[in-house]
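final19.cif (mmCIF, C-alpha atoms and all ligand atoms) appears below.
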data_my_file
#
loop_
_atom_site.label_atom_id
_atom_site.label_comp_id
_atom_site.auth_asym_id
_atom_site.auth_seq_id
_atom_site.Cartn_x
_atom_site.Cartn_y
_atom_site.Cartn_z
CA MET A 1 34.01 25.30 19.07
CA GLY A 2 35.74 28.45 20.36
CA LYS A 3 39.01 28.87 22.15
CA ILE A 4 39.69 26.41 24.93
CA GLU A 5 42.31 26.98 27.59
CA GLU A 6 45.32 24.69 27.29
CA LYS A 7 46.13 24.40 31.00
CA VAL A 8 43.48 23.75 33.63
CA ARG A 9 43.61 22.94 37.34
CA LEU A 10 42.73 19.31 37.96
CA ASP A 11 39.85 20.00 40.37
CA ARG A 12 38.26 22.46 37.96
CA LEU A 13 38.71 20.07 35.04
CA LEU A 14 37.01 17.23 36.90
CA ALA A 15 34.20 19.34 38.38
CA ASN A 16 33.53 21.01 35.02
CA SER A 17 33.42 17.63 33.32
CA GLY A 18 30.63 16.36 35.54
CA TYR A 19 32.60 14.35 38.12
CA GLY A 20 30.87 16.15 41.01
CA SER A 21 31.53 19.17 43.20
CA ARG A 22 35.00 20.38 44.18
CA SER A 23 34.77 18.31 47.39
CA ASP A 24 33.61 15.21 45.47
CA VAL A 25 36.58 15.44 43.13
CA LYS A 26 38.92 16.06 46.06
CA ALA A 27 37.71 12.75 47.52
CA LEU A 28 38.30 10.97 44.20
CA VAL A 29 41.86 12.28 44.11
CA ARG A 30 42.47 11.52 47.81
CA ASP A 31 41.28 7.94 47.25
CA GLY A 32 43.84 7.55 44.45
CA LEU A 33 41.21 7.08 41.75
CA VAL A 34 42.53 9.86 39.52
CA THR A 35 45.73 9.27 37.61
CA VAL A 36 47.74 11.66 35.48
CA ASN A 37 49.91 9.88 32.91
CA GLY A 38 49.45 6.66 34.86
CA VAL A 39 50.47 8.09 38.25
CA PRO A 40 47.95 8.88 41.05
CA ALA A 41 47.47 12.65 41.02
CA GLY A 42 47.94 13.08 44.78
CA ARG A 43 46.60 16.65 44.85
CA THR A 44 43.88 18.64 43.14
CA ASP A 45 45.70 21.92 42.58
CA ILE A 46 48.07 20.62 39.91
CA HIS A 47 47.73 21.99 36.37
CA ILE A 48 46.86 19.70 33.52
CA ASN A 49 47.94 20.25 29.95
CA LEU A 50 44.87 19.27 27.96
CA SER A 51 46.73 18.42 24.78
CA ARG A 52 49.48 16.35 26.47
CA ASP A 53 48.37 14.83 29.77
CA ARG A 54 46.40 11.60 29.95
CA ILE A 55 43.89 11.54 32.79
CA GLU A 56 42.01 8.49 34.00
CA VAL A 57 39.25 8.36 36.60
CA ASP A 58 38.70 4.96 38.17
CA GLY A 59 40.57 3.34 35.26
CA GLN A 60 38.50 5.10 32.56
CA PRO A 61 39.81 7.91 30.32
CA LEU A 62 38.49 11.30 31.43
CA LYS A 63 35.63 12.57 29.31
CA ILE A 64 36.24 16.29 29.05
CA ALA A 65 33.03 18.29 28.79
CA VAL A 66 34.01 21.51 27.11
CA HIS A 67 30.47 22.62 26.32
CA VAL A 68 27.07 21.82 27.67
CA TYR A 69 23.76 21.95 25.77
CA TYR A 70 20.44 21.96 27.62
CA MET A 71 16.91 21.75 26.31
CA MET A 72 14.41 23.49 28.60
CA ASN A 73 10.64 23.65 28.41
CA LYS A 74 10.30 27.30 29.41
CA PRO A 75 7.17 28.06 31.38
CA ALA A 76 5.36 31.42 31.15
CA GLY A 77 6.34 33.92 33.85
CA TYR A 78 10.13 33.58 33.53
CA VAL A 79 12.38 36.06 31.74
CA CYS A 80 15.18 35.01 29.39
CA SER A 81 17.87 37.01 31.13
CA SER A 82 20.68 36.34 33.55
CA LYS A 83 19.57 39.29 35.70
CA GLY A 84 16.55 39.09 37.95
CA GLY A 85 14.27 42.02 38.63
CA ALA A 86 10.53 41.84 38.94
CA HIS A 87 10.46 38.28 37.57
CA SER A 88 12.32 35.04 38.06
CA THR A 89 14.73 34.15 35.28
CA VAL A 90 15.12 30.87 33.40
CA PHE A 91 18.45 30.47 35.23
CA ASP A 92 16.47 30.16 38.48
CA LEU A 93 15.10 26.90 37.07
CA LEU A 94 18.59 25.36 36.86
CA GLU A 95 20.20 23.25 39.57
CA ASP A 96 23.07 25.13 41.22
CA ALA A 97 25.62 22.63 39.88
CA ASP A 98 24.41 23.25 36.31
CA LYS A 99 24.66 27.06 36.48
CA GLY A 100 28.44 27.16 36.80
CA LYS A 101 31.00 28.15 34.23
CA ARG A 102 32.37 25.34 32.04
CA LEU A 103 35.70 25.06 30.28
CA GLY A 104 33.95 26.46 27.21
CA GLY A 105 32.58 29.49 29.07
CA GLU A 106 29.39 30.78 30.65
CA LEU A 107 25.96 29.39 29.93
CA GLY A 108 23.99 31.55 27.50
CA ILE A 109 20.43 31.55 26.18
CA VAL A 110 19.88 30.76 22.49
CA GLY A 111 17.20 33.12 21.16
CA ARG A 112 15.10 34.77 23.85
CA LEU A 113 11.45 34.01 24.46
CA ASP A 114 9.11 36.64 25.92
CA LEU A 115 7.97 36.51 29.54
CA ASP A 116 4.63 34.97 28.54
CA THR A 117 6.03 32.64 25.83
CA GLU A 118 6.56 28.95 26.59
CA GLY A 119 8.40 26.07 25.06
CA LEU A 120 11.73 25.09 23.56
CA LEU A 121 14.67 27.02 24.93
CA ILE A 122 18.30 26.02 24.42
CA LEU A 123 20.95 27.02 26.93
CA THR A 124 24.56 26.43 26.01
CA THR A 125 28.13 27.49 26.71
CA ASP A 126 28.85 27.16 22.99
CA GLY A 127 28.88 30.79 21.85
CA GLU A 128 29.65 29.95 18.25
CA LEU A 129 26.64 27.68 17.94
CA ASN A 130 24.51 30.27 19.73
CA HIS A 131 25.48 32.87 17.17
CA ARG A 132 24.87 30.51 14.24
CA LEU A 133 21.38 29.61 15.46
CA THR A 134 20.29 33.18 16.20
CA SER A 135 21.93 35.27 13.49
CA PRO A 136 19.26 36.09 10.83
CA LYS A 137 21.97 35.50 8.21
CA HIS A 138 21.79 31.76 8.78
CA ARG A 139 18.01 31.51 8.31
CA ILE A 140 17.51 28.85 10.96
CA PRO A 141 13.82 27.88 11.09
CA LYS A 142 12.00 28.30 14.43
CA THR A 143 8.45 27.00 14.69
CA TYR A 144 5.84 28.32 17.11
CA PHE A 145 2.44 27.02 18.11
CA VAL A 146 0.09 30.00 18.19
CA LYS A 147 -3.40 30.60 19.58
CA LEU A 148 -5.19 33.65 18.24
CA GLU A 149 -7.85 35.83 19.79
CA ASN A 150 -10.06 35.85 16.69
CA ALA A 151 -10.92 32.72 14.70
CA VAL A 152 -10.06 33.03 11.02
CA SER A 153 -12.29 31.75 8.17
CA GLU A 154 -10.91 29.31 5.62
CA ALA A 155 -10.51 32.08 3.05
CA GLY A 156 -8.82 34.24 5.70
CA GLN A 157 -6.46 31.40 6.63
CA LYS A 158 -5.32 31.22 3.02
CA GLN A 159 -4.77 34.99 2.97
CA TYR A 160 -2.76 34.87 6.21
CA ALA A 161 -0.61 32.03 4.84
CA GLU A 162 0.04 33.91 1.60
CA ALA A 163 0.89 37.12 3.46
CA VAL A 164 3.31 35.24 5.74
CA ALA A 165 4.95 33.51 2.76
CA ALA A 166 5.39 36.88 1.00
CA GLY A 167 6.78 38.60 4.13
CA VAL A 168 4.60 40.65 6.48
CA GLU A 169 5.46 44.30 7.08
CA ILE A 170 5.61 44.95 10.82
CA PRO A 171 5.54 48.47 12.31
CA PRO A 172 8.09 49.69 14.89
CA GLU A 173 7.59 48.50 18.45
CA ASP A 174 9.25 49.75 21.64
CA HIS A 175 12.77 50.71 20.52
CA GLU A 176 12.76 48.37 17.51
CA PRO A 177 12.34 49.70 13.99
CA GLY A 178 9.69 48.44 11.59
CA ALA A 179 10.69 45.73 9.10
CA VAL A 180 9.48 43.50 6.34
CA CYS A 181 9.79 39.98 7.72
CA ARG A 182 11.47 37.34 5.64
CA GLY A 183 8.88 34.94 4.21
CA GLY A 184 7.69 32.28 6.66
CA LYS A 185 5.39 29.31 6.66
CA LEU A 186 1.94 29.18 8.28
CA GLU A 187 0.01 25.96 8.82
CA TRP A 188 -3.46 25.96 10.37
CA ASP A 189 -4.68 23.42 12.92
CA SER A 190 -8.08 25.10 13.47
CA GLY A 191 -9.66 28.53 12.99
CA ASN A 192 -7.65 30.04 15.80
CA THR A 193 -4.64 27.73 16.21
CA CYS A 194 -1.71 27.44 13.84
CA ARG A 195 1.99 26.77 13.57
CA LEU A 196 4.22 29.54 12.28
CA THR A 197 7.78 28.97 11.09
CA ILE A 198 10.01 32.03 10.89
CA TYR A 199 13.64 32.38 9.85
CA GLU A 200 14.85 35.54 11.57
CA GLY A 201 13.84 36.05 15.19
CA LEU A 202 13.11 39.79 15.14
CA TYR A 203 11.91 41.42 18.33
CA HIS A 204 8.38 40.09 19.16
CA GLU A 205 8.28 38.83 15.59
CA VAL A 206 5.40 36.38 15.91
CA LYS A 207 3.17 38.73 17.90
CA ARG A 208 3.93 41.60 15.52
CA ILE A 209 3.16 39.49 12.44
CA PHE A 210 -0.30 38.58 13.70
CA ALA A 211 -0.94 42.11 14.96
CA ALA A 212 -0.09 43.40 11.48
CA LEU A 213 -2.60 40.91 10.05
CA GLY A 214 -5.28 42.32 12.38
CA ASN A 215 -5.32 39.61 15.05
CA ARG A 216 -3.74 39.04 18.47
CA VAL A 217 -1.65 36.19 19.87
CA THR A 218 -3.12 34.88 23.14
CA PHE A 219 -0.76 31.90 23.60
CA LEU A 220 2.69 31.28 22.16
CA LYS A 221 4.91 28.24 22.46
CA ARG A 222 8.11 27.46 20.55
CA ILE A 223 7.98 23.85 19.43
CA SER A 224 11.10 23.49 17.31
CA ILE A 225 14.40 25.06 16.33
CA ASN A 226 15.97 23.80 13.13
CA HIS A 227 15.42 20.00 13.13
CA LEU A 228 15.10 19.77 16.91
CA SER A 229 11.62 19.48 18.45
CA LEU A 230 10.69 20.07 22.07
CA ASP A 231 10.55 16.73 23.90
CA PRO A 232 6.82 16.32 24.74
CA ALA A 233 7.81 14.42 27.91
CA LEU A 234 9.67 17.44 29.29
CA ALA A 235 7.37 19.17 31.80
CA PRO A 236 7.20 23.00 31.85
CA GLY A 237 10.11 24.27 33.96
CA SER A 238 12.19 21.11 33.40
CA TYR A 239 15.37 20.78 31.42
CA ARG A 240 17.93 18.16 30.48
CA GLU A 241 21.05 17.77 28.39
CA LEU A 242 20.59 17.21 24.67
CA THR A 243 21.43 13.77 23.37
CA GLU A 244 24.06 13.55 20.61
CA GLN A 245 21.32 12.94 18.08
CA GLU A 246 19.37 15.99 19.25
CA LEU A 247 22.49 18.13 19.07
CA SER A 248 22.99 17.00 15.48
CA ALA A 249 19.35 17.82 14.71
CA LEU A 250 19.86 21.29 16.18
CA THR A 251 23.07 22.00 14.32
CA LEU A 252 22.36 20.44 10.92
CA THR A 253 22.51 23.29 8.43
CA ASN A 254 21.64 21.86 5.02
CA HIS A 255 17.91 22.00 5.72
CA ILE A 256 15.50 22.24 2.81
CA LEU A 257 13.58 25.49 3.09
N1 LIG B 301 7.99 35.98 18.75
C1 LIG B 301 7.34 36.64 19.73
O1 LIG B 301 6.54 37.51 19.47
N2 LIG B 301 7.63 36.28 21.01
C2 LIG B 301 8.48 35.29 21.36
O2 LIG B 301 8.67 35.01 22.54
C3 LIG B 301 9.14 34.62 20.30
C4 LIG B 301 8.88 34.99 19.01
#
For this file, write the structure as structure tokens.
Amino acid sequence: MGKIEEKVRLDRLLANSGYGSRSDVKALVRDGLVTVNGVPAGRTDIHINLSRDRIEVDGQPLKIAVHVYYMMNKPAGYVCSSKGGAHSTVFDLLEDADKGKRLGGELGIVGRLDLDTEGLLILTTDGELNHRLTSPKHRIPKTYFVKLENAVSEAGQKQYAEAVAAGVEIPPEDHEPGAVCRGGKLEWDSGNTCRLTIYEGLYHEVKRIFAALGNRVTFLKRISINHLSLDPALAPGSYRELTEQELSALTLTNHIL
């Protein structure tokens, strides 16, 4: 889970744990609703020892949120970067209160999607999980829904699927070297729509695979990462916290390949 600070100011602890803004938590403390080891805190600038002190808010033990995990349905036209530029970034889609630093650190993007790619994007403060999900070493499956420019015959579909399973050789692109992709899985929905599961996440991997096969991706949407699928009820541009069950689905590592 990463290193967590041992001592934290009370107002930061409460605000970071979802008890409202700094002024909201000040009001909670002023109204005597926050106790530290059974005694009303009195002020917000006291330091709390996370491993020793017992905090209650309105009679309930404090739920400390060290990390946060969001599922977003990324729309096209947003870049996966914290810095703006010519385009809006996925961080612009977040409420101000959700952008802030947590006890576990800054919010990061798990596996970037291109400007024109849509779909499942995870944002989290959990750097260790981020690394585990994106490092090619861990072979985490990511599935994309793909629309192609040119319809493919049934015989061609079989050839594409076999080539993908064997590992497609992709030429260099921009500053990225060429590579032989690790074997993936291709399932066809129609002559020009399919679902591709890959296990690495190389630069523009999906677009480069289909380009190498002589076609072109015209629409790309990530629909799952590991065992977690994009919530179909989540509108493009919306996001929400993962449920515990979804977090388990995302982090489960003994998947059958
Ligand atoms: N592969 C691509 O080509 N683009 C993406 O956004 C994700 C995977």
* **Selection as a ChimeraX atom specification: residues within 12 Å of ligand LIG 301 (chain B) by all atoms listed in the file** => /A:74-80,110-121,134,141-146,170,173,181,196-212,216-225
Could you work out an axis-aligned box for range 180-191 of chain A, taking every atom the file lists and adding 5 Å on each side, and report centre and edge lengths in Å to one decimal, as AutoDock Vina command-line options?
--center_x 0.9 --center_y 33.5 --center_z 8.8 --size_x 31.1 --size_y 30.1 --size_z 19.3
* **Nearest to Leu247 in chain A, chosen from A:Ala163, A:Ile64, A:Leu228, A:Ala86, with all atoms listed in the file counted in the distances** => A:Leu228
Tell me which protein, DNA and RNA residues are within 12 Å of Arg9 in chain A, counting only C-alpha atoms, leaving out same-chain ones fewer than 2 positions away, and put them as a tab-separated table (two decimals) with C-alpha atoms, keeping the file's coordinate frame.
chain	number	residue	atom	x	y	z
A	5	GLU	CA	42.31	26.98	27.59
A	6	GLU	CA	45.32	24.69	27.29
A	7	LYS	CA	46.13	24.40	31.00
A	11	ASP	CA	39.85	20.00	40.37
A	12	ARG	CA	38.26	22.46	37.96
A	13	LEU	CA	38.71	20.07	35.04
A	14	LEU	CA	37.01	17.23	36.90
A	15	ALA	CA	34.20	19.34	38.38
A	16	ASN	CA	33.53	21.01	35.02
A	22	ARG	CA	35.00	20.38	44.18
A	25	VAL	CA	36.58	15.44	43.13
A	41	ALA	CA	47.47	12.65	41.02
A	43	ARG	CA	46.60	16.65	44.85
A	44	THR	CA	43.88	18.64	43.14
A	45	ASP	CA	45.70	21.92	42.58
A	46	ILE	CA	48.07	20.62	39.91
A	47	HIS	CA	47.73	21.99	36.37
A	48	ILE	CA	46.86	19.70	33.52
A	49	ASN	CA	47.94	20.25	29.95
A	50	LEU	CA	44.87	19.27	27.96
A	103	LEU	CA	35.70	25.06	30.28
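Between CA of Thr243 in chain A and CA of Tyr69 in chain A there is a distance of 8.8 Å.
Interatomic distance, CA of Gly167 in chain A to CA of Asn130 in chain A: 25.0 Å.
Between CA of Val90 in chain A and CA of Ile109 in chain A lies a distance of 9.0 Å.
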